[in-house]
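The next block holds one structure in the form of structure tokens; read it before the comments.
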Amino acid sequence: MEELNRFVESEAESIERNQQEYDDVNDPESNDLHLPLLKRNRTLSSTPLAIVGTKVSHIESLDYEINENDLFKQDWRSRSKVQVLQYILMKWLLAFLVGLLTGGIATLINLAVENITGYKFLAVVKYIDQERYMMGFLVMAGANFFLTLVASLLVVLFAPTAAGPGIPEIKAYLNGIDTPDMFGASTLIVKIIGSIGAVAAGLDLGKEGPLVHIGSCIASLLGQGGPDNYRIKWRWLRYFNNDRDRRDLITCGSSSGVCAAFRAPVGGVLFSLEEVATWWRSALLWRTFFSTAVVVVVLRAAIEYCKSGYCGLFGHGGLIMFDVSGVSVTYHAVDLIPVAVIGVLGGLLGSLYNYALHKVLKVYNVINKKGKMHKLLLALSVSIFTSVCLYGLPFLAKCRPCDPSLLDSLCPSTGREGNFKQFNCPKGHYNDLATLLLTTNDDAVRNIFSINTASEFHILSLAIFFALYCILGLITFGIAVPSGLFLPIILMGSAYGRMLGVAMAPYTKIDQGLYAVLGAASLMAGSMRMTVSLCVIFLELTNNLLLLPITMLVLLIAKTVGDCFNPSIYEIILELKGLPFLEAHPETWMRNITVGELADVKPAVVTLNGVERVGRIVEVLKNTTHNGFPVVDSGTIITPPLGSSPNSANELHGLILRAHLILALKKKWFLPEPRRTEEWEVRKEFTSIDLAERGTTIQEVTVTKAEMEMYVDLHPLTNTTPYTVVESMSVAKALVLFRQVGLRHMLILPKYQAAGVFPVVGILTRQDLIAHNILDVFPHLTNPKGKKGL
């Protein structure tokens, strides 16, 4: 027994040494700027690492597969009709709560942002009216600096995972990747406060991405009964103590977030369907639509309440809504030429933006690895640069006379809002560049989308605005604050769309504001590669159904052109972070290799007997990091055809999870002699709630020397119906099955089932099906598509 313990300890020390060497090799700080942040591994058995919250973390897959062991079957059979009804009602109740809370928090964020920025600009305008321009700059820059400092400090010190939009990580989670600490209570709180500070600070970012993340955090916390340390032990919530139902809730949360950001319920549902969700079904469609409907009702009620003047400065601008329904959309065949040009420009500029942002993010990651102070300094430097540009560049624009047909109260305007800001101009004149820069990002979009204002903006001012926001969009995304990509891309796209509208004014009847809308749509499609959801979102945003045909044309052209150069921005971020995301379409060369060949280059599969010795289980758990083990019964008698003698063979009983093995050791469910247990013995010791618990490690379990010689019956805990494939199946076909079903493990069986043949050839996990991992092991394979985008 002592020899066994010494062997276990020596093997554990060897694993630790190998893991330390692995961590040293994969240190992100040692990467060259022209290489991926996480170096790729030369073996299919490596431990996956990813950058989550600016830290390198071990990544595990989620258990979306139903674990059909004896306990699950018994629990499912014993459920009454009342319990099934409770389960269904709880799904709808949680969907309602997700929409209600997301809508309420979105209202709170909008209210806070509008009031903070409103009072900030009122203070700045007061000094501008007195021609004390330097004092106005100091007030604006100081307020922006303080707000950025608050947002960045919260992210750096309390919740690093709250930085950025959070959409790539949500997309990875719904793909089956367990991204650590992405949906915790601290992340939610920091995301809310940080979004308010970052947006109010005038940084070139939006609250749309953070709202998607906020909705997903709310859904996750509701599904698990609260934060990890303070969970509600409500018996109804036991139905949702699994990854499958939590996945559905987070899908509802992401849809609600998009709806709260754009007040677009149908667009929110389609965004989840098209962009973030890997797995979908009709019942989930109904619940996500229900959640977004609740969000719209909450937002509508908030807007009506704030119109009465009880919300401070909120209500004058409020939620994003760029109404262009006041203009008739008439166009002819010749107008399709500039519309197509906008689509091509959107695809080219979108792919160029993705390429440049990818390079900037790699530089930022190197800076962020140097410590917390460097993250703060980077965020504050971007804030100061942004303030200087927003306040200083309007001095370069020439004052333009007001249109005599406009009322004096409209032109020039001296408040925080308006299309014709006076700034440094004399009475009767306005500064068109100040109209776009000295305001919130939402109001900037409203101004540039404005209709029936053909002569409001000079093309040079639009060019300066476009160039500035291209630079700000590149340097702002990636700093340690919550940030969204939607609004910066809308600002850039609307600028070049309006410029094209100014140039085409003598030749077309399409309003310049509609050109700005098409430009924004084209750049979003060229960068994010979405079509259907973007089309509906823009229709709900602009409240003009007549834009549908040309919007569809622009989106299709922009996406097609962008796909010719690189992947979408979210896919680039996923690869930068090292998240093992499974694409919907396998590479063509994957049909030239079989899963059996993949199994040959992996270490031999570790199996357990149906009735296994405790010492063997402890040894396996301590010396491996696998999360699933095939359970094989040896010596099973096979009934032969009539006239033949019976023989014995190895039988694959199923697959048992690491967490369930640790649970059996923790509960000390040991037998003094090897035997099969009865059903009543299992029900007495285990419940379905016990099997859903995760997080315990083998190091937390103590086993005595005497217990090492005892036995555990693994049959009741084993999933008897794991997904299996034959070793001759192509990797492409296996990848489609693995992704669509949402698997964590896939067993490979031999092609020939004969006596004496071991029933399991190998086991495939997510890492084994990642394209670049396979190419590293099989360098003779070629990829016709090349390394997409990177």
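Order determines the names: the first chain of the structure tokens is A, the second B, and so forth; residues in each chain are numbered 1 upward, and ligands are numbered 1 upward as they are shown.
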
Residues of stretch 154-365 of chain A in strand (DSSP E or B) according to DSSP, as an NGL selection string?
:A and (164 or 177-178 or 206)

Residue subset to file, keeping C-alpha atoms, as a tab-separated table (two decimals), in the first residue's frame:
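Everything below was put into part.tsv:
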```
chain	number	residue	atom	x	y	z
A	164	GLY	CA	-14.69	44.73	-23.23
A	177	ILE	CA	-16.82	26.56	-23.40
A	178	ASP	CA	-16.86	27.24	-19.66
A	206	GLY	CA	-21.12	52.05	-26.60
```

For A:Val725, please output as a VMD selection string all residues within 9 Å (counting only C-alpha atoms; exclusion window: fewer than 2 positions along the same chain).
chain A and resid 595 723 727 to 729 734 746 to 750

Tell me which of A:Arg263, A:Glu685, A:Tyr331, A:Leu205 sits closest to A:Cys470, counting only C-alpha atoms.
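Of A:Arg263, A:Glu685, A:Tyr331, A:Leu205, the one nearest A:Cys470 is A:Leu205, counting only C-alpha atoms.
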
Test item: residues at most 9 Å from A:Ala163, only C-alpha atoms, excluding those fewer than 6 positions along its chain, as a VMD selection string
chain A and resid 53 to 54 152 155 to 156 191 194 210 478 to 483

Go ahead and save the picked residues with N, CA and C atoms, as a tab-separated table (two decimals), in the first residue's frame.
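As a result, out.tsv now contains:
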```
chain	number	residue	atom	x	y	z
A	53	GLY	N	-10.40	37.66	-19.03
A	53	GLY	CA	-10.18	38.73	-18.08
A	53	GLY	C	-8.73	39.11	-17.94
A	54	THR	N	-8.00	39.10	-19.03
A	54	THR	CA	-6.57	39.44	-19.11
A	54	THR	C	-5.71	38.46	-18.33
A	152	SER	N	-12.19	52.22	-14.85
A	152	SER	CA	-11.00	51.39	-15.01
A	152	SER	C	-10.56	50.77	-13.69
A	155	VAL	N	-12.72	47.75	-12.89
A	155	VAL	CA	-12.40	46.60	-13.73
A	155	VAL	C	-11.08	45.97	-13.30
A	156	VAL	N	-10.07	46.79	-13.11
A	156	VAL	CA	-8.73	46.26	-12.82
A	156	VAL	C	-8.69	45.59	-11.45
A	191	LYS	N	-19.77	45.75	-14.34
A	191	LYS	CA	-20.18	46.03	-15.71
A	191	LYS	C	-21.19	47.18	-15.74
A	194	GLY	N	-19.24	50.42	-14.44
A	194	GLY	CA	-18.19	50.74	-15.41
A	194	GLY	C	-18.74	51.24	-16.73
A	210	PRO	N	-21.89	45.77	-23.51
A	210	PRO	CA	-22.05	45.53	-22.08
A	210	PRO	C	-23.48	45.16	-21.67
A	478	GLY	N	-10.32	47.73	-26.09
A	478	GLY	CA	-9.19	46.97	-25.56
A	478	GLY	C	-8.64	47.53	-24.26
A	479	ILE	N	-9.03	48.76	-23.88
A	479	ILE	CA	-8.60	49.28	-22.60
A	479	ILE	C	-9.46	48.66	-21.50
A	480	ALA	N	-9.03	48.84	-20.26
A	480	ALA	CA	-9.66	48.14	-19.13
A	480	ALA	C	-10.93	48.85	-18.67
A	481	VAL	N	-11.93	48.93	-19.54
A	481	VAL	CA	-13.26	49.44	-19.20
A	481	VAL	C	-14.29	48.63	-19.98
A	482	PRO	N	-15.52	48.54	-19.48
A	482	PRO	CA	-16.57	47.91	-20.30
A	482	PRO	C	-16.80	48.71	-21.57
A	483	SER	N	-16.85	48.04	-22.70
A	483	SER	CA	-16.95	48.77	-23.97
A	483	SER	C	-17.69	47.94	-24.99
```

Atomic distance atom CA of A:Val339 - atom CA of A:Ala520, expressed in Å with one decimal
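Between these atoms lies a distance of 12.3 Å.
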
Using only C-alpha atoms, the residue out of A:Leu582, A:Leu514, A:Leu500, A:Val605 with shortest distance to A:His772 is A:Leu582

Exercise: A:Met373 partners within 12 Å, only C-alpha atoms, chain neighbours under 2 positions left out, as JSON, numbers by chain:
{"A": [149, 152, 153, 156, 157, 367, 368, 369, 370, 371, 375, 376, 377, 378, 379, 380, 480]}

With N, CA and C atoms retained, could you export that selection as an mmCIF file, in the first residue's frame?
```
data_model
loop_
_atom_site.group_PDB
_atom_site.id
_atom_site.type_symbol
_atom_site.label_atom_id
_atom_site.label_comp_id
_atom_site.auth_asym_id
_atom_site.auth_seq_id
_atom_site.Cartn_x
_atom_site.Cartn_y
_atom_site.Cartn_z
ATOM 1 N N LEU A 149 -11.313 56.941 -14.759
ATOM 2 C CA LEU A 149 -10.560 56.376 -13.633
ATOM 3 C C LEU A 149 -11.441 55.456 -12.800
ATOM 4 N N SER A 152 -12.191 52.224 -14.854
ATOM 5 C CA SER A 152 -11.004 51.391 -15.012
ATOM 6 C C SER A 152 -10.559 50.772 -13.692
ATOM 7 N N LEU A 153 -10.629 51.531 -12.601
ATOM 8 C CA LEU A 153 -10.248 50.985 -11.291
ATOM 9 C C LEU A 153 -11.138 49.806 -10.909
ATOM 10 N N VAL A 156 -10.067 46.788 -13.115
ATOM 11 C CA VAL A 156 -8.735 46.264 -12.820
ATOM 12 C C VAL A 156 -8.688 45.588 -11.454
ATOM 13 N N LEU A 157 -9.345 46.165 -10.457
ATOM 14 C CA LEU A 157 -9.210 45.665 -9.090
ATOM 15 C C LEU A 157 -10.217 44.592 -8.724
ATOM 16 N N ILE A 367 0.918 45.222 -23.289
ATOM 17 C CA ILE A 367 0.957 46.300 -22.287
ATOM 18 C C ILE A 367 0.220 45.877 -21.020
ATOM 19 N N ASN A 368 -0.962 45.277 -21.178
ATOM 20 C CA ASN A 368 -1.767 44.897 -20.016
ATOM 21 C C ASN A 368 -1.089 43.835 -19.155
ATOM 22 N N LYS A 369 -0.238 42.996 -19.765
ATOM 23 C CA LYS A 369 0.451 41.968 -18.984
ATOM 24 C C LYS A 369 1.491 42.551 -18.046
ATOM 25 N N LYS A 370 1.853 43.802 -18.226
ATOM 26 C CA LYS A 370 2.886 44.414 -17.389
ATOM 27 C C LYS A 370 2.368 44.803 -16.009
ATOM 28 N N GLY A 371 1.087 44.755 -15.785
ATOM 29 C CA GLY A 371 0.571 45.022 -14.452
ATOM 30 C C GLY A 371 -0.629 45.936 -14.441
ATOM 31 N N LYS A 375 -2.402 49.091 -17.056
ATOM 32 C CA LYS A 375 -3.774 49.102 -17.560
ATOM 33 C C LYS A 375 -4.444 50.443 -17.264
ATOM 34 N N LEU A 376 -4.252 50.942 -16.042
ATOM 35 C CA LEU A 376 -4.848 52.222 -15.674
ATOM 36 C C LEU A 376 -4.277 53.360 -16.509
ATOM 37 N N LEU A 377 -2.959 53.375 -16.671
ATOM 38 C CA LEU A 377 -2.321 54.453 -17.441
ATOM 39 C C LEU A 377 -2.778 54.433 -18.895
ATOM 40 N N LEU A 378 -2.940 53.245 -19.448
ATOM 41 C CA LEU A 378 -3.403 53.139 -20.835
ATOM 42 C C LEU A 378 -4.813 53.705 -20.974
ATOM 43 N N ALA A 379 -5.721 53.329 -20.065
ATOM 44 C CA ALA A 379 -7.099 53.827 -20.128
ATOM 45 C C ALA A 379 -7.148 55.341 -19.946
ATOM 46 N N LEU A 380 -6.384 55.863 -19.000
ATOM 47 C CA LEU A 380 -6.403 57.301 -18.739
ATOM 48 C C LEU A 380 -5.762 58.086 -19.887
ATOM 49 N N ALA A 480 -9.033 48.836 -20.259
ATOM 50 C CA ALA A 480 -9.663 48.142 -19.129
ATOM 51 C C ALA A 480 -10.933 48.846 -18.665
#
```

Pick the closest to A:Asp443 from A:Leu93, A:Ile662, A:Leu491, A:Ile593: which is it, counting only C-alpha atoms?
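Nearest candidate to A:Asp443 out of A:Leu93, A:Ile662, A:Leu491, A:Ile593: A:Leu491.
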
Which residues come within 9 Å of stretch 135-144 of chain A, counting only C-alpha atoms, excluding same-chain residues fewer than 6 positions away, as JSON, numbers by chain?
{"A": [120, 121, 123, 124, 125, 126, 127, 128, 197, 198, 200, 201, 202, 203, 383, 384, 386, 387, 388, 391, 392]}

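Proximity to A:Gly493 at 8 Å, evaluated using only C-alpha atoms and with sequence-adjacent residues fewer than 3 positions away removed, yields Gly346, Ile489, Ile490, Tyr496, Gly497, Ala516, Leu518, Gly519, Ala520, Ala521, Ser522, Leu523 and Met524 of chain A.
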
A:Lys171, A:Arg79, A:Arg658, A:Lys751: which is nearest A:Tyr570, counting only C-alpha atoms?
A:Lys171

So, counting only C-alpha atoms, which residue among A:Asp129, A:Asp713, A:Glu274, A:Asp600 is closest to A:Glu678?
A:Asp713

What separation in Å, quoted to one decimal, exists between atom CA of A:Thr179 and atom CA of A:Asn241?
17.3 Å

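We find atom CA of A:Asp442 and atom CA of A:Ala219 to be spaced 27.1 Å apart.
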
Mind listing the alpha helix (DSSP H) residues of stretch 211-459 of chain A, per DSSP on the backbone, as JSON, numbers by chain?
{"A": [211, 212, 213, 214, 215, 216, 217, 218, 219, 220, 221, 222, 223, 224, 243, 244, 245, 246, 247, 248, 249, 250, 251, 252, 253, 254, 255, 256, 257, 258, 259, 260, 261, 262, 265, 266, 267, 268, 269, 270, 271, 282, 283, 284, 285, 286, 287, 288, 289, 290, 291, 292, 293, 294, 295, 296, 297, 298, 299, 300, 301, 302, 303, 304, 305, 306, 336, 337, 338, 339, 340, 341, 342, 343, 344, 345, 346, 347, 348, 349, 350, 351, 352, 353, 354, 355, 356, 357, 358, 359, 360, 361, 362, 363, 364, 365, 366, 367, 368, 372, 373, 374, 375, 376, 377, 378, 379, 380, 381, 382, 383, 384, 385, 386, 387, 388, 389, 390, 391, 392, 432, 433, 434, 435, 436, 437, 441, 442, 443, 444, 445, 446, 447, 448, 459]}

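Compared by their closest atoms to A:Leu237, and using only C-alpha atoms, the residues A:Ser254, A:Thr278, A:Ser381, A:Gln83 rank with A:Gln83 nearest.
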